[in-house]
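*Asks:* Structure in structure tokens, see below.
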Amino acid sequence: MSTDRSIVPGLETAALRSEPFYRRHLPLIARVGVPVVISLLVGAVVLAASGFNPLSIYSMLGREAFGSLDRIDATLAATTPLIFTALAAAFAYRAGIFTVGVEGSFAFGGLSAAVVGTQVGGLPPVLAVSACLAAGLLAGALVALVPALLRAVWGVDEVVTTLMLNFIVSGVSGWLVQSYFLAEGQANSATGYVASAAELAPLNPPNQTNGGLLIALALVVVYAIWVKKSTLGFQFAMVGSAPRFAVAQGLRVRLVIITALVGAGAIGGIGGASHTLGIVHRYSEGFSATFGFTGIAIALLARFNPVGVVVGAILFGALNSAGSTVQLFVNIPIQLIDILQGTVMILAVAQFAVPRLLRNRRKRRGATVEPADIPQAAEKKLGDTE
Amino acid sequence: MIDNLINAALVFAVPLVLAALGGAVQRRSGVVNIGLEGQMLIGALFGAILSGLTGNWLAGAAAGALAGALVGWLMTAVITRLSANPIIVGLGLNIVVFGLVGYVLRTVFEVSGTLRIPGLQKLPELTIPGIADVPFLGAVLSGKDPLFWLAVVLVPVLAWTFRNTSWGIRLRASGASPASTTSLGIRTNSVRDSAGIVAGALAGLGGVALSLGAVGLFNENMTAGRGYVALAAFYFGRSHPLPTALACLLFGFFDALQIRLQTGGGVSADLIQTIPYIAVVLVLAVTGFRRSRRSSRVAV
């Protein structure tokens with residue numbers, strides 16, 4: 001990894017800071033804007049090819065996402081799980097740890113919360129909810145523990161192990177539900193519903209947005225402060241941007257690696273628990289609608305920035321909530337949303353010529369390079385997996 | 001009964017072997033292909049459509065391979081030319097392909113999920129006279145489709161190609177050390193792109209084996225994670241053709257066993273499905289352990 005690449009947005013030099021606002025943020029805006037615009041174009045082509053007017057569909061999507069208080073509420077409900085998963089991804093990537101296992105942590109956290117939630121009917125709500133969230137946290141962290149130890153102790157590449165863990169978790173969860181937690185009289189394999197004491201109450205009944213959003217936002221604030229103020233946050237940045245140097249400096253690299261992976265798992269687990277308690281109230285097959293993977297796309301688009309995580313989650317949440325209602329009015333398959341999301345995900349990690357030119361120009365002027373992304377570090381690592 | 005199990009294991013292994021060999025080729029060139037799943041799905045769809053239009057399985061197989069190759073090339077080009085992270089691009093590709101296929105099924109063909117094409121020709125089953133009735137050999141060799149034999153032939157052919165052709169050597173060099181390969185005047189990116197095309201074509205054929213194989217229809221969920229099992233297989237086989245194919249055979253056997261157990265009861269099918277993935281984690285752990293014993297450097 002070349003040393004002039006900092007993955008951490010907060011570490012640009014003063015030279016960069018003194019530039020005017022628009023120039024300082026131009027690469028960031030381009031980085032976020034280009035994937036989104038191209039994806040919308042791809043979607044427009046698909047829509048036009050199948051005989052729909054892209055503009056009217058997109059304006060309908062916009063209306064369905066933000067058109068009324070009820071729709072905004074639905075969008076925020078769809079945003080909530082994505083804030084958790086994106087935050088989890090951002091947390092680990094900051095230390096250069098490239099986990100794709102948040103999906104598994106989310107699902108296992110959700111299952112644990114559902115199991116605990118069915119047992120805590122006698123407790124006061126605060127305790128019941130806390131118990132479920134704690135179960136989710138522990139379960140999510142547990143999923144991440146194996147890849148974390150393998151990575152920290154033997155240097156086993158975490159990308160593949162976390163990806164594999166997702167499938168293992170999905171199988172184990174299915175087995176657990178089938179064998180131990182199956183609700184009686186259910187056709188598909190699902191747990192029973194959680195006790196009403198353990199439900200996260202809607203903020204504006206009968207709409208769906210619930211206390212989970214507040215938990216998510218609180219975590220974002222904690223993350224933002226942690227990034228700027230804490231020693232460990234600084235160590236994450238050090239290990240992420242220059243791992244060998246961090247070792248040479250005597251930083252506790254192993255601790256950072258384990259914390260990054262297990263922490264991401266824990267955040268994902270809380271997210272799954274909040275999804276159980278706030279929205280679905282039970283665990284069933286297909287619990288996570290690839291929230292973990294969408295979270296990766298958001299974290300990369302946002303460049304691990306806390307505000308960016310929230311904005312990106314709202315963007316993808318809007319797509320999800322609008323997509324599911326638009327198909328009720330016009331005969332548009334909801335798969336359109338998958339096309340848009342996947343394209344954003346691919347393009348979010350692609351480096352286009354424009355930012356590259358800007359970077360070169362800046363290099364010639366002697367300032368630092370803009371934050372390059374972690375994928376390269378991960379790619380480098382993938383090279384010596386074997 | 002044992003014959004049935006062997007036959008089923010081999011049939012299940014064919015799509016896995018084709019896709020995993022593709023993944024192994026690309027892994028050797030230095031790119032991990034997570035998009036095998038999507039490439040298989042595209043191959044399965046185009047194979048079914050073209051076989052239906054022409055009434056000829058060969059045209060279907062060619063179309064599936066071409067479609068897979070195109071998607072594989074696009075995916076690899078994003079990785080090599082726009083220096084994007086292969087994992088994310090692969091995951092994104094699978095989401096896009098799944099979305100596109102579902103969208104096209106619903107708007108163009110106006111079906112939800114399953115596409116039955118009238119006039120579709122399935123892969124022919126090649127019965128070998130004389131061997132078909134021999135107890136064990138018959139189950140292994142007879143009644144298999146052409147893609148089974150392609151998979152069998154590909155294993156030694158690929159191993160030979162890696163070792164003896166200039167393309168194979170450039171491919172391995174690009175994977176082992178892109179910097180020094182580039183310094184020798186080899187276009188690493190082009191080599192990787194070609195590997196991506198081969199991988200896509202093979203994954204597409206794997207999809208064809210699904211849609212034109214036993215059932216003879218297309219379903220949007222028909223790959224059902226096989227692309228990821230193929231990924232597990234080439235990791236397990238460390239991208240060498242024979243071990244990769246054997247891993248697929250093993251996973252195909254578990255698949256067949258699981259279906260048998262589902263009807264017979266006993267061990268949970270959900271747990272058996274996790275075996276390929278657990279195997280990969282174990283292999284990576286052992287590899288990492290050995291490497292850490294050898295090197296004195298701090299593992300970071």
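Going by the structure tokens order, chains are called A, B, ..., each with residues numbered from 1, while ligands are numbered from 1 in the order shown.
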Chain A residues within 7 Å of chain B, counting only C-alpha atoms: which ones, as a PDB file with N, CA and C atoms, in the first residue's frame?
*Replies:*
ATOM      1  N   SER A  50     -38.428  -0.918 -21.358  1.00  0.00           N
ATOM      2  CA  SER A  50     -39.608  -1.734 -21.091  1.00  0.00           C
ATOM      3  C   SER A  50     -40.884  -0.893 -21.181  1.00  0.00           C
ATOM      4  N   LEU A 150      -9.142 -15.321  13.892  1.00  0.00           N
ATOM      5  CA  LEU A 150      -8.325 -15.874  12.802  1.00  0.00           C
ATOM      6  C   LEU A 150      -7.455 -14.785  12.191  1.00  0.00           C
ATOM      7  N   ALA A 152      -6.533 -11.840  13.611  1.00  0.00           N
ATOM      8  CA  ALA A 152      -5.577 -11.237  14.527  1.00  0.00           C
ATOM      9  C   ALA A 152      -4.437 -12.192  14.867  1.00  0.00           C
ATOM     10  N   VAL A 153      -4.746 -13.481  14.992  1.00  0.00           N
ATOM     11  CA  VAL A 153      -3.724 -14.414  15.459  1.00  0.00           C
ATOM     12  C   VAL A 153      -2.906 -14.995  14.307  1.00  0.00           C
ATOM     13  N   TRP A 154      -3.616 -15.422  13.252  1.00  0.00           N
ATOM     14  CA  TRP A 154      -2.901 -16.087  12.161  1.00  0.00           C
ATOM     15  C   TRP A 154      -2.896 -15.298  10.858  1.00  0.00           C
ATOM     16  N   GLY A 155      -3.455 -14.104  10.876  1.00  0.00           N
ATOM     17  CA  GLY A 155      -3.444 -13.292   9.669  1.00  0.00           C
ATOM     18  C   GLY A 155      -4.308 -13.844   8.550  1.00  0.00           C
ATOM     19  N   VAL A 156      -5.372 -14.560   8.910  1.00  0.00           N
ATOM     20  CA  VAL A 156      -6.262 -15.097   7.875  1.00  0.00           C
ATOM     21  C   VAL A 156      -7.142 -13.974   7.336  1.00  0.00           C
ATOM     22  N   THR A 161     -13.488 -15.062   5.046  1.00  0.00           N
ATOM     23  CA  THR A 161     -14.067 -15.743   6.212  1.00  0.00           C
ATOM     24  C   THR A 161     -15.391 -15.092   6.613  1.00  0.00           C
ATOM     25  N   MET A 164     -18.087 -16.149   4.187  1.00  0.00           N
ATOM     26  CA  MET A 164     -18.504 -17.528   4.430  1.00  0.00           C
ATOM     27  C   MET A 164     -19.358 -17.619   5.695  1.00  0.00           C
ATOM     28  N   PHE A 167     -23.103 -17.313   5.285  1.00  0.00           N
ATOM     29  CA  PHE A 167     -23.844 -18.501   4.860  1.00  0.00           C
ATOM     30  C   PHE A 167     -23.959 -19.490   6.011  1.00  0.00           C
ATOM     31  N   ILE A 168     -22.880 -19.602   6.794  1.00  0.00           N
ATOM     32  CA  ILE A 168     -22.914 -20.517   7.934  1.00  0.00           C
ATOM     33  C   ILE A 168     -24.005 -20.073   8.908  1.00  0.00           C
ATOM     34  N   GLY A 171     -27.462 -20.891   7.664  1.00  0.00           N
ATOM     35  CA  GLY A 171     -27.805 -22.298   7.848  1.00  0.00           C
ATOM     36  C   GLY A 171     -28.074 -22.626   9.300  1.00  0.00           C
ATOM     37  N   VAL A 172     -27.188 -22.140  10.188  1.00  0.00           N
ATOM     38  CA  VAL A 172     -27.342 -22.437  11.612  1.00  0.00           C
ATOM     39  C   VAL A 172     -28.630 -21.821  12.152  1.00  0.00           C
ATOM     40  N   GLY A 174     -31.364 -21.219  10.459  1.00  0.00           N
ATOM     41  CA  GLY A 174     -32.475 -22.020   9.967  1.00  0.00           C
ATOM     42  C   GLY A 174     -32.655 -23.280  10.797  1.00  0.00           C
ATOM     43  N   TRP A 175     -31.522 -23.907  11.122  1.00  0.00           N
ATOM     44  CA  TRP A 175     -31.557 -25.129  11.930  1.00  0.00           C
ATOM     45  C   TRP A 175     -32.096 -24.842  13.326  1.00  0.00           C
ATOM     46  N   PRO A 243      -0.605   0.194   8.346  1.00  0.00           N
ATOM     47  CA  PRO A 243      -0.528  -0.910   9.310  1.00  0.00           C
ATOM     48  C   PRO A 243       0.895  -1.260   9.752  1.00  0.00           C
ATOM     49  N   PRO A 333     -42.009  -3.928 -11.752  1.00  0.00           N
ATOM     50  CA  PRO A 333     -41.464  -4.896 -10.806  1.00  0.00           C
ATOM     51  C   PRO A 333     -40.524  -4.218  -9.821  1.00  0.00           C
ATOM     52  N   GLN A 335     -37.982  -5.244  -8.678  1.00  0.00           N
ATOM     53  CA  GLN A 335     -36.585  -5.554  -9.007  1.00  0.00           C
ATOM     54  C   GLN A 335     -35.835  -4.339  -9.544  1.00  0.00           C
ATOM     55  N   LEU A 336     -36.592  -3.326 -10.021  1.00  0.00           N
ATOM     56  CA  LEU A 336     -35.948  -2.091 -10.466  1.00  0.00           C
ATOM     57  C   LEU A 336     -35.040  -1.548  -9.370  1.00  0.00           C
ATOM     58  N   ASP A 338     -33.460  -3.221  -7.052  1.00  0.00           N
ATOM     59  CA  ASP A 338     -32.224  -4.013  -6.999  1.00  0.00           C
ATOM     60  C   ASP A 338     -31.240  -3.523  -8.050  1.00  0.00           C
ATOM     61  N   ILE A 339     -31.762  -3.245  -9.254  1.00  0.00           N
ATOM     62  CA  ILE A 339     -30.884  -2.780 -10.332  1.00  0.00           C
ATOM     63  C   ILE A 339     -30.196  -1.485  -9.911  1.00  0.00           C
ATOM     64  N   GLY A 342     -27.691  -2.177  -6.843  1.00  0.00           N
ATOM     65  CA  GLY A 342     -26.491  -2.909  -7.240  1.00  0.00           C
ATOM     66  C   GLY A 342     -25.551  -2.028  -8.043  1.00  0.00           C
ATOM     67  N   THR A 343     -26.138  -1.211  -8.940  1.00  0.00           N
ATOM     68  CA  THR A 343     -25.297  -0.342  -9.756  1.00  0.00           C
ATOM     69  C   THR A 343     -24.572   0.680  -8.887  1.00  0.00           C
ATOM     70  N   MET A 345     -23.751   0.292  -5.867  1.00  0.00           N
ATOM     71  CA  MET A 345     -22.744  -0.445  -5.104  1.00  0.00           C
ATOM     72  C   MET A 345     -21.480  -0.652  -5.939  1.00  0.00           C
ATOM     73  N   ILE A 346     -21.676  -1.075  -7.194  1.00  0.00           N
ATOM     74  CA  ILE A 346     -20.516  -1.319  -8.056  1.00  0.00           C
ATOM     75  C   ILE A 346     -19.754  -0.017  -8.290  1.00  0.00           C
ATOM     76  N   VAL A 349     -17.363   1.896  -5.637  1.00  0.00           N
ATOM     77  CA  VAL A 349     -15.967   1.536  -5.422  1.00  0.00           C
ATOM     78  C   VAL A 349     -15.126   1.743  -6.676  1.00  0.00           C
ATOM     79  N   ALA A 350     -15.775   2.104  -7.795  1.00  0.00           N
ATOM     80  CA  ALA A 350     -15.000   2.352  -9.010  1.00  0.00           C
ATOM     81  C   ALA A 350     -14.389   3.748  -8.941  1.00  0.00           C
ATOM     82  N   GLN A 351     -13.192   3.865  -9.457  1.00  0.00           N
ATOM     83  CA  GLN A 351     -12.546   5.174  -9.430  1.00  0.00           C
ATOM     84  C   GLN A 351     -12.606   5.759 -10.823  1.00  0.00           C
ATOM     85  N   PHE A 352     -13.287   6.873 -10.949  1.00  0.00           N
ATOM     86  CA  PHE A 352     -13.493   7.435 -12.270  1.00  0.00           C
ATOM     87  C   PHE A 352     -12.391   8.416 -12.601  1.00  0.00           C
ATOM     88  N   PRO A 375     -10.825  -0.256  -0.427  1.00  0.00           N
ATOM     89  CA  PRO A 375     -10.847  -1.445  -1.273  1.00  0.00           C
ATOM     90  C   PRO A 375      -9.479  -1.823  -1.789  1.00  0.00           C
ATOM     91  N   GLN A 376      -8.640  -0.822  -2.046  1.00  0.00           N
ATOM     92  CA  GLN A 376      -7.331  -1.168  -2.569  1.00  0.00           C
ATOM     93  C   GLN A 376      -6.512  -1.927  -1.541  1.00  0.00           C
ATOM     94  N   GLU A 379      -7.824  -5.289  -1.617  1.00  0.00           N
ATOM     95  CA  GLU A 379      -7.416  -6.000  -2.821  1.00  0.00           C
ATOM     96  C   GLU A 379      -5.986  -6.474  -2.667  1.00  0.00           C
ATOM     97  N   GLY A 383      -4.500 -10.455  -2.525  1.00  0.00           N
ATOM     98  CA  GLY A 383      -3.414 -10.997  -3.328  1.00  0.00           C
ATOM     99  C   GLY A 383      -2.605 -12.034  -2.571  1.00  0.00           C
TER     100      GLY A 383
END
*Asks:* Using only C-alpha atoms, which protein or nucleic acid residues come within 12 Å of B:Ile197? Drop anything in the same chain fewer than 4 positions from it, and give the result as a list in words.
*Replies:*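 Listing them by chain and then by number gives Gly22, Gly23, Val25, Gln26, Ser29, Asn33, Leu36, Gln39, Ala65, Leu66, Ala67, Gly68, Ala69, Leu70, Val71, Gly72, Trp73, Leu74, Met75, Thr76, Ala77, Ser190, Val191, Arg192, Asp193, Ala201, Leu202, Ala203 and Gly204 of chain B.
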*Asks:* Within stretch 38-249 of chain B, find each residue whose DSSP state, derived from the backbone, is helix (DSSP H, G or I), and express the selection as a count of residues only.
*Replies:* 151
*Asks:* Between atom CA of A:Ile38 and atom CA of A:Leu69, what distance in Å does the model show, to one decimal?
*Replies:*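 So the two atoms, atom CA of A:Ile38 and atom CA of A:Leu69, lie 29.2 Å apart.
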*Asks:* Select from stretch 161-372 of chain A everything DSSP, run on the backbone, classes as strand (DSSP E or B), then give the selection as a list in words.
*Replies:* Ala190, Pro202, Asn210 and Ser284 of chain A
*Asks:* Could you check which of A:Pro81, A:Gly233, A:Gly67, A:Gly240 is closest to A:Leu217, using only C-alpha atoms?
*Replies:*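 Between A:Pro81, A:Gly233, A:Gly67, A:Gly240, the residue approaching A:Leu217 most closely is A:Pro81.
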*Asks:* Counting only C-alpha atoms, what is within 12 Å of B:Ser51, bar same-chain residues fewer than 3 positions away, as a PyMOL selection string?
*Replies:* chain B and resi 43-48+54-64+116-123+208+211-213+216-218
*Asks:* Smallest atom-to-atom distance to B:Gly200: which of B:Glu125, B:Leu150, B:Gly143, B:Gly227, using only C-alpha atoms?
*Replies:*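 Smallest distance to B:Gly200 is found for B:Gly227.
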*Asks:* List the spatial neighbours of A:Ile83 as a ChimeraX atom specification - criterion: any atom at most 7 Å away, only C-alpha atoms, same-chain residues fewer than 6 positions off excluded.
*Replies:* /A:216,309-310,313
*Asks:* Kindly indicate which residue among B:His240, B:Pro146, B:Leu205, B:Leu137 lies nearest to B:Trp160, using only C-alpha atoms for the distances.
*Replies:*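 Result for the nearest residue to B:Trp160: B:His240.
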*Asks:* Would you compute the distance between atom CA of A:Asn320 and atom CA of A:Leu138? Give it in Å to one decimal.
*Replies:*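 Interatomic distance here is 28.2 Å.
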*Asks:* Looking at only C-alpha atoms, which of B:Ile2, B:Leu184, B:Val155, B:Val283 is the one that sits closest to B:Pro135?
*Replies:*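 Distance minimum relative to B:Pro135 lands on B:Ile2.
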*Asks:* Excluding A:Val256 and its own-chain neighbours fewer than 4 positions away, which residues fall within 8 Å of it when counting only C-alpha atoms? Please give them as a list in words.
*Replies:*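 Returned residues: Ala95, Leu232, Gln235, Phe236, Val239, Arg252 and Ala260 of chain A.
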